[in-house]
file model-v1.csv (CSV, C-alpha atoms and all ligand atoms)
chain,number,residue,atom,x,y,z
U,266,MET,CA,-26.2,132.3,-62.6
U,267,TYR,CA,-25.5,135.4,-64.7
U,268,LEU,CA,-21.7,135.3,-64.3
U,269,GLN,CA,-20.5,132.1,-65.9
U,270,ARG,CA,-17.0,130.7,-66.3
U,271,PHE,CA,-16.3,131.1,-70.0
U,272,ASP,CA,-16.2,127.6,-71.4
U,273,PRO,CA,-17.6,127.5,-75.0
U,274,TRP,CA,-19.0,124.0,-74.9
U,275,LYS,CA,-15.6,122.7,-73.7
U,276,ASN,CA,-14.5,123.4,-77.2
U,277,GLU,CA,-11.0,121.9,-77.8
U,278,LEU,CA,-10.4,124.6,-80.3
U,279,CYS,CA,-10.7,127.4,-77.7
U,280,SER,CA,-7.4,128.9,-76.3
U,281,CYS,CA,-8.9,131.7,-74.2
U,282,PRO,CA,-7.4,132.5,-70.8
U,283,PRO,CA,-9.6,131.8,-67.8
U,284,LYS,CA,-12.3,134.3,-67.6
U,285,TYR,CA,-15.9,134.9,-66.7
U,286,SER,CA,-18.6,135.8,-69.1
U,287,LEU,CA,-21.5,138.2,-68.5
U,288,ASN,CA,-24.4,139.1,-70.9
U,289,PRO,CA,-26.5,142.0,-69.5
U,290,TYR,CA,-29.0,141.4,-72.3
U,291,THR,CA,-30.4,138.2,-73.7
U,292,GLY,CA,-30.5,138.4,-77.5
U,293,CYS,CA,-29.1,141.1,-79.8
U,294,ALA,CA,-30.9,143.6,-82.0
U,295,HIS,CA,-27.9,143.9,-84.4
U,296,ALA,CA,-29.2,140.8,-86.2
U,297,CYS,CA,-25.9,139.8,-87.9
U,298,ILE,CA,-26.6,137.2,-90.5
U,299,TYR,CA,-23.5,135.2,-89.4
U,300,CYS,CA,-24.4,135.2,-85.7
U,301,TYR,CA,-24.1,131.8,-84.1
U,302,ALA,CA,-26.0,132.5,-80.9
U,303,SER,CA,-29.2,132.6,-82.8
U,304,SER,CA,-28.9,128.8,-83.3
U,305,TYR,CA,-29.4,128.0,-79.6
U,306,ILE,CA,-31.2,131.0,-78.0
U,307,LYS,CA,-34.9,131.4,-78.9
U,308,ASP,CA,-35.9,134.7,-80.5
U,309,PHE,CA,-32.3,135.8,-80.4
U,310,PHE,CA,-32.7,138.9,-82.5
U,311,LYS,CA,-35.3,140.3,-80.0
U,312,CYS,CA,-33.1,141.9,-77.4
U,313,ARG,CA,-34.3,141.9,-73.8
U,314,GLN,CA,-32.8,142.8,-70.5
U,315,LYS,CA,-31.9,140.2,-67.9
U,316,PRO,CA,-34.3,140.3,-65.0
U,317,ARG,CA,-32.9,141.5,-61.6
U,318,LEU,CA,-29.4,141.7,-63.2
U,319,LEU,CA,-27.8,144.1,-60.8
U,320,GLU,CA,-29.2,142.4,-57.7
U,321,VAL,CA,-28.0,139.0,-58.9
U,322,LEU,CA,-24.6,140.3,-60.1
U,323,SER,CA,-23.9,142.0,-56.8
U,324,ARG,CA,-24.4,138.6,-55.0
U,325,GLU,CA,-22.4,136.5,-57.5
U,326,ILE,CA,-19.5,138.9,-57.7
U,327,ARG,CA,-18.5,138.2,-54.1
U,328,LYS,CA,-17.6,134.7,-55.0
U,329,LEU,CA,-15.1,135.7,-57.7
U,330,PRO,CA,-11.3,135.5,-57.1
U,331,LYS,CA,-9.6,138.9,-56.9
U,332,GLY,CA,-8.5,140.3,-60.2
U,333,SER,CA,-10.7,138.0,-62.3
U,334,LEU,CA,-11.3,138.9,-65.9
U,335,ILE,CA,-14.8,139.5,-67.0
U,336,SER,CA,-15.7,139.3,-70.7
U,337,LEU,CA,-18.6,141.5,-71.8
U,338,CYS,CA,-20.0,139.8,-73.8
U,339,ASN,CA,-19.4,136.5,-75.5
U,340,THR,CA,-23.0,135.7,-76.6
U,341,SER,CA,-24.7,139.0,-77.1
U,342,ASP,CA,-23.6,142.6,-77.6
U,343,PRO,CA,-23.2,144.7,-74.3
U,344,TYR,CA,-24.2,147.9,-76.2
U,345,PRO,CA,-27.5,147.2,-78.1
U,346,PRO,CA,-29.6,150.3,-78.9
U,347,MET,CA,-31.7,149.9,-75.7
U,348,GLU,CA,-28.5,150.3,-73.6
U,349,ARG,CA,-28.8,154.1,-74.3
U,350,GLN,CA,-31.9,154.1,-72.0
U,351,LYS,CA,-31.3,151.1,-69.7
U,352,ALA,CA,-27.6,151.6,-69.0
U,353,LEU,CA,-27.4,148.1,-67.7
U,354,THR,CA,-23.9,147.6,-69.0
U,355,ARG,CA,-22.8,150.9,-67.5
U,356,ASP,CA,-24.2,149.8,-64.1
U,357,CYS,CA,-22.2,146.5,-64.4
U,358,LEU,CA,-19.0,148.4,-65.2
U,359,LYS,CA,-19.5,150.5,-62.1
U,360,ILE,CA,-19.7,147.3,-60.0
U,361,PHE,CA,-16.7,145.8,-61.7
U,362,GLY,CA,-14.7,149.0,-61.1
U,363,LYS,CA,-15.5,149.0,-57.4
U,364,GLU,CA,-14.4,145.4,-57.1
U,365,SER,CA,-11.1,146.0,-59.1
U,366,LEU,CA,-12.1,143.4,-61.7
U,367,LYS,CA,-10.6,143.4,-65.2
U,368,VAL,CA,-13.0,143.9,-68.1
U,369,LEU,CA,-12.7,143.0,-71.7
U,370,ILE,CA,-15.4,144.6,-73.9
U,371,ILE,CA,-16.4,143.0,-77.2
U,372,THR,CA,-18.9,145.1,-79.2
U,373,LYS,CA,-20.0,146.5,-82.5
U,374,SER,CA,-21.5,149.7,-81.1
U,375,ASP,CA,-20.1,153.2,-80.7
U,376,ILE,CA,-22.4,153.5,-77.6
U,377,VAL,CA,-19.3,152.2,-75.7
U,378,CYS,CA,-17.8,155.7,-75.9
U,379,ARG,CA,-20.4,156.9,-73.5
U,380,ASP,CA,-18.6,154.8,-70.8
U,381,ILE,CA,-15.1,156.2,-71.5
U,382,ASP,CA,-15.2,157.9,-68.1
U,383,LEU,CA,-15.5,154.5,-66.3
U,384,LEU,CA,-13.3,152.5,-68.7
U,385,LYS,CA,-10.3,154.8,-68.4
U,386,ASN,CA,-10.4,154.4,-64.6
U,387,MET,CA,-10.4,150.7,-64.5
U,388,ALA,CA,-8.4,147.7,-65.8
U,389,SER,CA,-10.1,147.4,-69.2
U,390,ALA,CA,-9.7,147.0,-72.9
U,391,VAL,CA,-12.2,147.3,-75.7
U,392,THR,CA,-12.3,145.2,-78.8
U,393,ILE,CA,-14.6,146.3,-81.6
U,394,THR,CA,-15.7,144.0,-84.4
U,395,ILE,CA,-15.5,145.2,-88.0
U,396,THR,CA,-16.0,142.6,-90.7
U,397,THR,CA,-16.7,144.7,-93.8
U,398,LEU,CA,-16.9,148.3,-95.1
U,399,LYS,CA,-18.8,147.2,-98.2
U,400,TYR,CA,-21.4,144.8,-97.0
U,401,SER,CA,-22.4,145.9,-93.6
U,402,SER,CA,-26.0,146.5,-94.5
U,403,GLN,CA,-26.3,142.9,-95.7
U,404,LEU,CA,-24.2,141.3,-93.0
U,405,GLU,CA,-24.9,143.4,-89.9
U,406,PRO,CA,-28.2,145.2,-90.9
U,407,TYR,CA,-28.9,146.9,-87.5
U,408,ALA,CA,-25.5,147.4,-86.1
U,409,PRO,CA,-23.8,150.9,-86.1
U,410,SER,CA,-21.9,151.5,-89.3
U,411,PRO,CA,-18.3,150.3,-89.5
U,412,PHE,CA,-17.2,154.0,-89.8
U,413,LYS,CA,-18.9,154.8,-86.5
U,414,ARG,CA,-17.0,151.8,-85.0
U,415,LEU,CA,-13.7,153.1,-86.4
U,416,ASN,CA,-14.5,156.5,-84.9
U,417,ALA,CA,-15.2,154.8,-81.6
U,418,LEU,CA,-11.9,153.0,-81.7
U,419,GLU,CA,-10.2,156.3,-82.3
U,420,ARG,CA,-11.9,158.1,-79.4
U,421,LEU,CA,-11.2,155.2,-77.1
U,422,SER,CA,-7.5,155.0,-78.1
U,423,LYS,CA,-7.1,158.8,-77.7
U,424,GLU,CA,-8.4,158.4,-74.1
U,425,GLY,CA,-5.7,155.8,-73.4
U,426,ILE,CA,-8.0,152.8,-73.4
U,427,PRO,CA,-6.3,149.8,-75.0
U,428,THR,CA,-8.2,148.8,-78.2
U,429,GLY,CA,-8.3,145.8,-80.4
U,430,LEU,CA,-10.0,144.9,-83.6
U,431,ARG,CA,-12.0,141.7,-84.2
U,432,PHE,CA,-12.0,140.9,-87.9
U,433,ASP,CA,-14.4,138.2,-87.3
U,434,PRO,CA,-15.8,136.3,-89.1
U,435,ILE,CA,-13.9,136.2,-92.3
U,436,ILE,CA,-16.3,134.8,-95.0
U,437,PRO,CA,-14.5,133.6,-98.0
U,438,THR,CA,-15.4,135.3,-101.3
U,439,ILE,CA,-17.3,138.0,-99.3
U,440,ASN,CA,-15.1,140.0,-97.0
U,441,GLU,CA,-11.6,138.4,-97.1
U,442,ASP,CA,-10.3,140.9,-99.6
U,443,GLU,CA,-11.2,143.8,-97.3
U,444,ALA,CA,-8.6,142.8,-94.7
U,445,PHE,CA,-5.9,145.2,-95.7
U,446,GLU,CA,-8.2,148.3,-95.8
U,447,ILE,CA,-10.0,147.5,-92.5
U,448,LEU,CA,-6.8,146.7,-90.7
U,449,SER,CA,-5.0,149.8,-92.0
U,450,LEU,CA,-7.9,152.0,-90.9
U,451,ALA,CA,-8.0,150.3,-87.5
U,452,LYS,CA,-4.3,150.8,-87.1
U,453,SER,CA,-4.7,154.5,-87.9
U,454,ALA,CA,-7.5,154.6,-85.3
U,455,GLY,CA,-5.0,153.4,-82.6
U,456,VAL,CA,-5.6,149.7,-82.5
U,457,SER,CA,-2.6,147.6,-81.5
U,458,HIS,CA,-4.1,144.0,-81.8
U,459,VAL,CA,-6.2,142.0,-84.2
U,460,THR,CA,-8.2,138.8,-83.5
U,461,VAL,CA,-9.5,136.9,-86.5
U,462,SER,CA,-11.8,133.9,-87.0
U,463,THR,CA,-13.1,132.3,-90.1
U,464,PHE,CA,-16.9,131.9,-90.6
U,465,LYS,CA,-18.2,128.6,-89.2
U,466,PRO,CA,-21.8,128.4,-90.2
U,467,ARG,CA,-24.5,126.7,-88.3
U,468,LEU,CA,-27.8,125.7,-89.8
U,469,ASP,CA,-29.6,129.0,-89.4
U,470,SER,CA,-26.6,131.3,-90.3
U,471,TRP,CA,-25.9,129.2,-93.3
U,472,LYS,CA,-29.5,129.7,-94.5
U,473,ARG,CA,-29.4,133.5,-93.9
U,474,LEU,CA,-26.1,133.8,-95.8
U,475,LYS,CA,-27.4,131.9,-98.8
U,476,GLU,CA,-30.5,134.1,-98.9
U,477,ARG,CA,-28.5,137.3,-98.7
U,478,PHE,CA,-25.9,136.3,-101.2
U,479,PRO,CA,-27.6,134.0,-103.7
U,480,GLU,CA,-25.0,134.6,-106.4
U,481,ARG,CA,-22.3,133.2,-104.1
U,482,VAL,CA,-24.1,130.0,-103.2
U,483,PRO,CA,-22.3,127.7,-105.7
U,484,ILE,CA,-18.8,128.7,-104.4
U,485,LEU,CA,-19.8,128.8,-100.8
U,486,GLU,CA,-21.4,125.3,-101.1
U,487,ASP,CA,-18.2,124.1,-102.7
U,488,LEU,CA,-16.1,125.5,-99.9
U,489,TYR,CA,-18.2,124.5,-97.0
U,490,ILE,CA,-20.4,121.6,-98.0
U,491,ARG,CA,-18.2,119.7,-100.4
U,492,ARG,CA,-14.8,120.4,-98.9
U,493,GLY,CA,-15.5,121.6,-95.4
U,494,LYS,CA,-15.6,119.7,-92.2
U,495,ARG,CA,-18.3,119.4,-89.6
U,496,ARG,CA,-17.2,120.1,-86.0
U,497,GLY,CA,-20.0,119.9,-83.4
U,498,ASN,CA,-22.9,122.1,-84.8
U,499,SER,CA,-20.6,124.2,-87.0
U,500,ILE,CA,-19.1,123.7,-90.4
U,501,TYR,CA,-15.4,124.6,-90.7
U,502,LEU,CA,-13.6,125.3,-94.0
U,503,GLU,CA,-11.1,122.7,-94.9
U,504,ASP,CA,-7.8,123.1,-92.9
U,505,GLN,CA,-5.7,124.2,-95.9
U,506,LYS,CA,-8.2,127.0,-96.8
U,507,ARG,CA,-8.5,128.2,-93.2
U,508,GLU,CA,-4.7,128.3,-92.9
U,509,SER,CA,-4.3,130.3,-96.1
U,510,ILE,CA,-6.9,132.9,-95.0
U,511,ILE,CA,-5.3,133.1,-91.5
U,512,SER,CA,-1.8,133.4,-92.8
U,513,ALA,CA,-2.7,136.1,-95.3
U,514,VAL,CA,-4.2,138.3,-92.6
U,515,ARG,CA,-1.3,137.5,-90.3
U,516,GLU,CA,1.1,138.9,-92.9
U,517,ILE,CA,-0.9,142.1,-93.1
U,518,CYS,CA,-0.8,142.4,-89.3
U,519,LEU,CA,3.0,141.9,-89.4
U,520,SER,CA,3.4,144.5,-92.1
U,521,LEU,CA,1.3,147.0,-90.1
U,522,ASN,CA,3.1,146.2,-86.8
U,523,LEU,CA,-0.1,144.9,-85.2
U,524,THR,CA,-0.2,141.8,-82.9
U,525,PHE,CA,-2.3,139.0,-84.2
U,526,SER,CA,-4.3,136.1,-82.9
U,527,THR,CA,-6.9,133.5,-84.0
U,528,CYS,CA,-10.1,132.5,-82.4
U,529,ARG,CA,-11.3,128.9,-82.3
U,530,GLU,CA,-9.2,127.8,-85.2
U,531,LYS,CA,-6.6,125.5,-83.4
U,532,LEU,CA,-4.0,127.7,-85.0
U,533,SER,CA,-2.4,129.2,-81.9
U,534,ASN,CA,1.0,128.7,-83.6
U,535,TYR,CA,0.1,131.7,-85.8
U,536,ASN,CA,-0.5,134.0,-82.9
U,537,THR,CA,1.9,136.7,-82.1
U,538,SER,CA,0.3,138.0,-78.9
U,539,LYS,CA,0.1,136.7,-75.4
U,540,SER,CA,-3.7,136.1,-75.5
U,541,CYS,CA,-6.0,135.1,-78.2
U,542,ASP,CA,-8.9,137.3,-77.1
U,543,GLY,CA,-7.1,140.7,-76.6
U,544,SER,CA,-7.1,140.4,-72.8
U,545,HIS,CA,-3.3,140.9,-72.8
U,546,LEU,CA,-4.1,144.5,-73.7
U,547,ILE,CA,-5.5,145.1,-70.2
U,548,GLU,CA,-3.0,146.5,-67.8
U,549,GLY,CA,-1.6,143.5,-65.9
U,550,GLY,CA,-2.6,141.1,-68.7
U,551,PRO,CA,-4.7,138.0,-68.5
U,552,PRO,CA,-5.3,136.9,-64.9
U,553,MET,CA,-3.6,133.5,-65.2
U,554,SER,CA,-1.5,131.9,-67.8
U,555,PRO,CA,-3.5,130.3,-70.6
U,556,PRO,CA,-4.1,126.6,-70.3
U,557,SER,CA,-1.5,124.5,-72.1
U,558,GLY,CA,-2.5,123.1,-75.5
U,559,GLU,CA,-4.6,124.6,-78.3
U,560,GLU,CA,-7.3,127.2,-78.7
U,561,SER,CA,-11.0,127.4,-78.3
M,1,LIG,S1,-23.5,141.7,-82.6
M,1,LIG,FE1,-22.8,139.7,-82.1
M,1,LIG,S2,-24.4,138.8,-80.8
M,1,LIG,FE2,-25.3,140.6,-81.9
M,1,LIG,S3,-26.3,139.6,-83.6
M,1,LIG,FE3,-24.2,140.3,-84.2
M,1,LIG,S4,-22.9,138.5,-84.0
M,1,LIG,FE4,-24.8,138.1,-82.8

call {"tool": "encode", "arguments": {"input": "model-v1.csv", "output": "structure tokens"}}
result
Amino acid sequence: MYLQRFDPWKNELCSCPPKYSLNPYTGCAHACIYCYASSYIKDFFKCRQKPRLLEVLSREIRKLPKGSLISLCNTSDPYPPMERQKALTRDCLKIFGKESLKVLIITKSDIVCRDIDLLKNMASAVTITITTLKYSSQLEPYAPSPFKRLNALERLSKEGIPTGLRFDPIIPTINEDEAFEILSLAKSAGVSHVTVSTFKPRLDSWKRLKERFPERVPILEDLYIRRGKRRGNSIYLEDQKRESIISAVREICLSLNLTFSTCREKLSNYNTSKSCDGSHLIEGGPPMSPPSGEES
């Protein structure tokens, strides 16, 4: 099955509206050091296309309820460099458009602008992740630069495609003080919504972070190992610290007149938007009301 109901390990901290998830590619060449998918998918940073994707998708799509929301993607990036040649994501969008399905794109790549012609003619929204302007070569070594992503947000917004920013993950002592600058630039680029999440390391991302920022190891170990809390395979910052980071960014959003939500924090009470993932930006909003209770 390539189209999966989005259910991140039945995570009680997830508050996403009902949606389906599709990853046209397995793995991701952007190789972000904080990536969590590398902890459970072998050779994750080697991107490969899904075999017989369009054939399988055309079959699976017939079973979806009308107006379903498809999230592209939750585990990998739908616009890795090889998408320029393979155009698998583009072909998926054509299928979704024909079936009148809603699409929420989550990417770090400006290749998404190639598909403006399709996106502006379907129920869609694009969220682009920007975590840093200063440390992108350390944090996201093979992803397009944050400035290319800002340009992409501007082009999409000018074409009338609703856009959101994911400031995700926020890594204390590394990128948290970049919030105002990044959010202000995103606002100028036409973004109306921001989703944030704090860094929740797993074994491999923790190791990569420590190797890349050796001078921050003592403070990071204090925050995560000594004071943090294990939830499943991830380590969360202590609640008070998470709340202080989240509420500081929320204040910035309020001051810039941006709507705000949190992802997998169990802090839905901080949200000012109808959905946590940006799907409310799509014309017609999320397909069904979010489940009662707290977030993913
Ligand atoms: S873009 Fe997303 S999926 Fe790709 S490596 Fe970075 S965090 Fe992982």

call {"tool": "atom_distance", "arguments": {"input": "model-v1.csv", "atom1": "CA of Leu369 (chain U)", "atom2": "CA of Ser402 (chain U)"}}
result
26.6 Å

call {"tool": "closest_atom_pairs", "arguments": {"input": "model-v1.csv", "of": "chain U", "to": "ligand LIG 1 (chain M)", "cutoff": "12 Å", "atoms": "all atoms listed in the file", "output": "JSON lines"}}
result
{"residue": "U:Asn288", "atom": "CA", "partner": "M:LIG1", "partner_atom": "S2", "distance": 9.9}
{"residue": "U:Pro289", "atom": "CA", "partner": "M:LIG1", "partner_atom": "S2", "distance": 11.9}
{"residue": "U:Tyr290", "atom": "CA", "partner": "M:LIG1", "partner_atom": "S2", "distance": 10.0}
{"residue": "U:Thr291", "atom": "CA", "partner": "M:LIG1", "partner_atom": "S2", "distance": 9.3}
{"residue": "U:Gly292", "atom": "CA", "partner": "M:LIG1", "partner_atom": "S2", "distance": 6.9}
{"residue": "U:Cys293", "atom": "CA", "partner": "M:LIG1", "partner_atom": "FE2", "distance": 4.4}
{"residue": "U:Ala294", "atom": "CA", "partner": "M:LIG1", "partner_atom": "S3", "distance": 6.3}
{"residue": "U:His295", "atom": "CA", "partner": "M:LIG1", "partner_atom": "S3", "distance": 4.7}
{"residue": "U:Ala296", "atom": "CA", "partner": "M:LIG1", "partner_atom": "S3", "distance": 4.1}
{"residue": "U:Cys297", "atom": "CA", "partner": "M:LIG1", "partner_atom": "FE3", "distance": 4.1}
{"residue": "U:Ile298", "atom": "CA", "partner": "M:LIG1", "partner_atom": "S3", "distance": 7.3}
{"residue": "U:Tyr299", "atom": "CA", "partner": "M:LIG1", "partner_atom": "S4", "distance": 6.4}
{"residue": "U:Cys300", "atom": "CA", "partner": "M:LIG1", "partner_atom": "S4", "distance": 4.0}
{"residue": "U:Tyr301", "atom": "CA", "partner": "M:LIG1", "partner_atom": "FE4", "distance": 6.5}
{"residue": "U:Ala302", "atom": "CA", "partner": "M:LIG1", "partner_atom": "FE4", "distance": 6.0}
{"residue": "U:Ser303", "atom": "CA", "partner": "M:LIG1", "partner_atom": "FE4", "distance": 7.0}
{"residue": "U:Ser304", "atom": "CA", "partner": "M:LIG1", "partner_atom": "FE4", "distance": 10.2}
{"residue": "U:Tyr305", "atom": "CA", "partner": "M:LIG1", "partner_atom": "FE4", "distance": 11.6}
{"residue": "U:Ile306", "atom": "CA", "partner": "M:LIG1", "partner_atom": "FE4", "distance": 10.7}
{"residue": "U:Asp308", "atom": "CA", "partner": "M:LIG1", "partner_atom": "S3", "distance": 11.2}
{"residue": "U:Phe309", "atom": "CA", "partner": "M:LIG1", "partner_atom": "S3", "distance": 7.8}
{"residue": "U:Phe310", "atom": "CA", "partner": "M:LIG1", "partner_atom": "S3", "distance": 6.5}
{"residue": "U:Lys311", "atom": "CA", "partner": "M:LIG1", "partner_atom": "S3", "distance": 9.7}
{"residue": "U:Cys312", "atom": "CA", "partner": "M:LIG1", "partner_atom": "FE2", "distance": 9.1}
{"residue": "U:Leu337", "atom": "CA", "partner": "M:LIG1", "partner_atom": "S2", "distance": 11.0}
{"residue": "U:Cys338", "atom": "CA", "partner": "M:LIG1", "partner_atom": "S2", "distance": 8.3}
{"residue": "U:Asn339", "atom": "CA", "partner": "M:LIG1", "partner_atom": "S2", "distance": 7.6}
{"residue": "U:Thr340", "atom": "CA", "partner": "M:LIG1", "partner_atom": "S2", "distance": 5.4}
{"residue": "U:Ser341", "atom": "CA", "partner": "M:LIG1", "partner_atom": "S2", "distance": 3.7}
{"residue": "U:Asp342", "atom": "CA", "partner": "M:LIG1", "partner_atom": "S2", "distance": 5.0}
{"residue": "U:Pro343", "atom": "CA", "partner": "M:LIG1", "partner_atom": "S1", "distance": 8.8}
{"residue": "U:Tyr344", "atom": "CA", "partner": "M:LIG1", "partner_atom": "S1", "distance": 8.9}
{"residue": "U:Pro345", "atom": "CA", "partner": "M:LIG1", "partner_atom": "FE2", "distance": 7.9}
{"residue": "U:Pro346", "atom": "CA", "partner": "M:LIG1", "partner_atom": "FE2", "distance": 11.0}
{"residue": "U:Ile371", "atom": "CA", "partner": "M:LIG1", "partner_atom": "FE1", "distance": 8.7}
{"residue": "U:Thr372", "atom": "CA", "partner": "M:LIG1", "partner_atom": "S1", "distance": 6.7}
{"residue": "U:Lys373", "atom": "CA", "partner": "M:LIG1", "partner_atom": "S1", "distance": 5.9}
{"residue": "U:Ser374", "atom": "CA", "partner": "M:LIG1", "partner_atom": "S1", "distance": 8.4}
{"residue": "U:Ile393", "atom": "CA", "partner": "M:LIG1", "partner_atom": "S1", "distance": 10.1}
{"residue": "U:Thr394", "atom": "CA", "partner": "M:LIG1", "partner_atom": "S1", "distance": 8.3}
{"residue": "U:Ile395", "atom": "CA", "partner": "M:LIG1", "partner_atom": "S1", "distance": 10.3}
{"residue": "U:Thr396", "atom": "CA", "partner": "M:LIG1", "partner_atom": "S4", "distance": 10.5}
{"residue": "U:Ser401", "atom": "CA", "partner": "M:LIG1", "partner_atom": "FE3", "distance": 11.1}
{"residue": "U:Gln403", "atom": "CA", "partner": "M:LIG1", "partner_atom": "FE3", "distance": 12.0}
{"residue": "U:Leu404", "atom": "CA", "partner": "M:LIG1", "partner_atom": "FE3", "distance": 8.9}
{"residue": "U:Glu405", "atom": "CA", "partner": "M:LIG1", "partner_atom": "FE3", "distance": 6.5}
{"residue": "U:Pro406", "atom": "CA", "partner": "M:LIG1", "partner_atom": "FE3", "distance": 9.2}
{"residue": "U:Tyr407", "atom": "CA", "partner": "M:LIG1", "partner_atom": "S3", "distance": 8.7}
{"residue": "U:Ala408", "atom": "CA", "partner": "M:LIG1", "partner_atom": "S1", "distance": 7.0}
{"residue": "U:Pro409", "atom": "CA", "partner": "M:LIG1", "partner_atom": "S1", "distance": 9.8}
{"residue": "U:Ser410", "atom": "CA", "partner": "M:LIG1", "partner_atom": "S1", "distance": 12.0}
{"residue": "U:Arg431", "atom": "CA", "partner": "M:LIG1", "partner_atom": "FE1", "distance": 11.2}
{"residue": "U:Phe432", "atom": "CA", "partner": "M:LIG1", "partner_atom": "S4", "distance": 11.8}
{"residue": "U:Asp433", "atom": "CA", "partner": "M:LIG1", "partner_atom": "S4", "distance": 9.1}
{"residue": "U:Pro434", "atom": "CA", "partner": "M:LIG1", "partner_atom": "S4", "distance": 9.0}
{"residue": "U:Phe464", "atom": "CA", "partner": "M:LIG1", "partner_atom": "S4", "distance": 11.1}
{"residue": "U:Pro466", "atom": "CA", "partner": "M:LIG1", "partner_atom": "S4", "distance": 11.9}
{"residue": "U:Ser470", "atom": "CA", "partner": "M:LIG1", "partner_atom": "S4", "distance": 10.3}

call {"tool": "closest_residue", "arguments": {"input": "model-v1.csv", "among": "U:Ser457, U:Ser540, U:Thr438, U:Ser533", "to": "Ile510 (chain U)", "atoms": "all atoms listed in the file"}}
result
U:Thr438

call {"tool": "closest_residue", "arguments": {"input": "model-v1.csv", "among": "U:Thr354, U:Ser336, U:Asn522, U:Thr392", "to": "Asp380 (chain U)", "atoms": "only C-alpha atoms"}}
result
U:Thr354

call {"tool": "atom_distance", "arguments": {"input": "model-v1.csv", "atom1": "CA of Leu318 (chain U)", "atom2": "CA of Asp356 (chain U)"}}
result
9.7 Å

call {"tool": "closest_residue", "arguments": {"input": "model-v1.csv", "among": "U:Ile326, U:Arg507, U:Lys363, U:Ser462", "to": "Asp542 (chain U)", "atoms": "all atoms listed in the file"}}
result
U:Ser462

call {"tool": "residues_around", "arguments": {"input": "model-v1.csv", "residues": "Val482 (chain U)", "least_positions_apart": "5", "cutoff": "12 Å", "atoms": "all atoms listed in the file", "output": "list of chain:residue names"}}
result
U:Pro437, U:Thr438, U:Ile439, U:Trp471, U:Lys472, U:Arg473, U:Leu474, U:Lys475, U:Glu476, U:Arg477, U:Asp487, U:Leu488, U:Tyr489, U:Ile490

call {"tool": "closest_residue", "arguments": {"input": "model-v1.csv", "among": "U:Asp382, U:Arg515, U:Ile335, U:Glu508", "to": "Leu366 (chain U)", "atoms": "only C-alpha atoms"}}
result
U:Ile335

call {"tool": "closest_residue", "arguments": {"input": "model-v1.csv", "among": "U:Lys331, U:Arg379, U:Arg529, U:Lys423", "to": "Gln350 (chain U)", "atoms": "all atoms listed in the file"}}
result
U:Arg379

call {"tool": "closest_residue", "arguments": {"input": "model-v1.csv", "among": "U:Arg420, U:Arg467, U:Ile517, U:Lys506", "to": "Glu446 (chain U)", "atoms": "only C-alpha atoms"}}
result
U:Ile517

call {"tool": "atom_distance", "arguments": {"input": "model-v1.csv", "atom1": "CA of Arg270 (chain U)", "atom2": "CA of Leu468 (chain U)"}}
result
26.3 Å

call {"tool": "axis_aligned_box", "arguments": {"input": "model-v1.csv", "around": "region 335-340 of chain U", "padding_each_side": "4 Å", "output": "JSON"}}
result
{"center_x": -18.9, "center_y": 138.6, "center_z": -71.8, "size_x": 16.2, "size_y": 13.8, "size_z": 17.6}

call {"tool": "residues_around", "arguments": {"input": "model-v1.csv", "residues": "Ile426 (chain U)", "least_positions_apart": "4", "cutoff": "6 Å", "atoms": "all atoms listed in the file", "output": "list in words"}}
result
Lys385, Leu421 and Ser422 of chain U

call {"tool": "build_atoms", "arguments": {"input": "model-v1.csv", "residues": "region 439-448 of chain U", "atoms": "N, CA and C atoms", "output": "PDB file, in the frame of the given file"}}
result
ATOM      1  N   ILE U 439     -16.479 136.855 -99.645  1.00  0.00           N
ATOM      2  CA  ILE U 439     -17.300 138.000 -99.300  1.00  0.00           C
ATOM      3  C   ILE U 439     -16.465 139.151 -98.710  1.00  0.00           C
ATOM      4  N   ASN U 440     -15.788 138.894 -97.600  1.00  0.00           N
ATOM      5  CA  ASN U 440     -15.100 140.000 -97.000  1.00  0.00           C
ATOM      6  C   ASN U 440     -13.561 139.791 -96.865  1.00  0.00           C
ATOM      7  N   GLU U 441     -13.057 138.630 -97.326  1.00  0.00           N
ATOM      8  CA  GLU U 441     -11.600 138.400 -97.100  1.00  0.00           C
ATOM      9  C   GLU U 441     -10.720 139.385 -97.760  1.00  0.00           C
ATOM     10  N   ASP U 442     -11.178 139.916 -98.918  1.00  0.00           N
ATOM     11  CA  ASP U 442     -10.300 140.900 -99.600  1.00  0.00           C
ATOM     12  C   ASP U 442     -10.385 142.290 -99.025  1.00  0.00           C
ATOM     13  N   GLU U 443     -11.153 142.463 -97.954  1.00  0.00           N
ATOM     14  CA  GLU U 443     -11.200 143.800 -97.300  1.00  0.00           C
ATOM     15  C   GLU U 443     -10.212 143.890 -96.158  1.00  0.00           C
ATOM     16  N   ALA U 444      -9.466 142.804 -95.912  1.00  0.00           N
ATOM     17  CA  ALA U 444      -8.600 142.800 -94.700  1.00  0.00           C
ATOM     18  C   ALA U 444      -7.639 143.950 -94.667  1.00  0.00           C
ATOM     19  N   PHE U 445      -6.942 144.206 -95.760  1.00  0.00           N
ATOM     20  CA  PHE U 445      -5.900 145.200 -95.700  1.00  0.00           C
ATOM     21  C   PHE U 445      -6.506 146.607 -95.371  1.00  0.00           C
ATOM     22  N   GLU U 446      -7.601 146.929 -96.028  1.00  0.00           N
ATOM     23  CA  GLU U 446      -8.200 148.300 -95.800  1.00  0.00           C
ATOM     24  C   GLU U 446      -8.719 148.397 -94.383  1.00  0.00           C
ATOM     25  N   ILE U 447      -9.399 147.381 -93.903  1.00  0.00           N
ATOM     26  CA  ILE U 447     -10.000 147.500 -92.500  1.00  0.00           C
ATOM     27  C   ILE U 447      -8.853 147.532 -91.500  1.00  0.00           C
ATOM     28  N   LEU U 448      -7.848 146.682 -91.655  1.00  0.00           N
ATOM     29  CA  LEU U 448      -6.800 146.700 -90.700  1.00  0.00           C
ATOM     30  C   LEU U 448      -5.958 147.963 -90.691  1.00  0.00           C
TER      31      LEU U 448
END
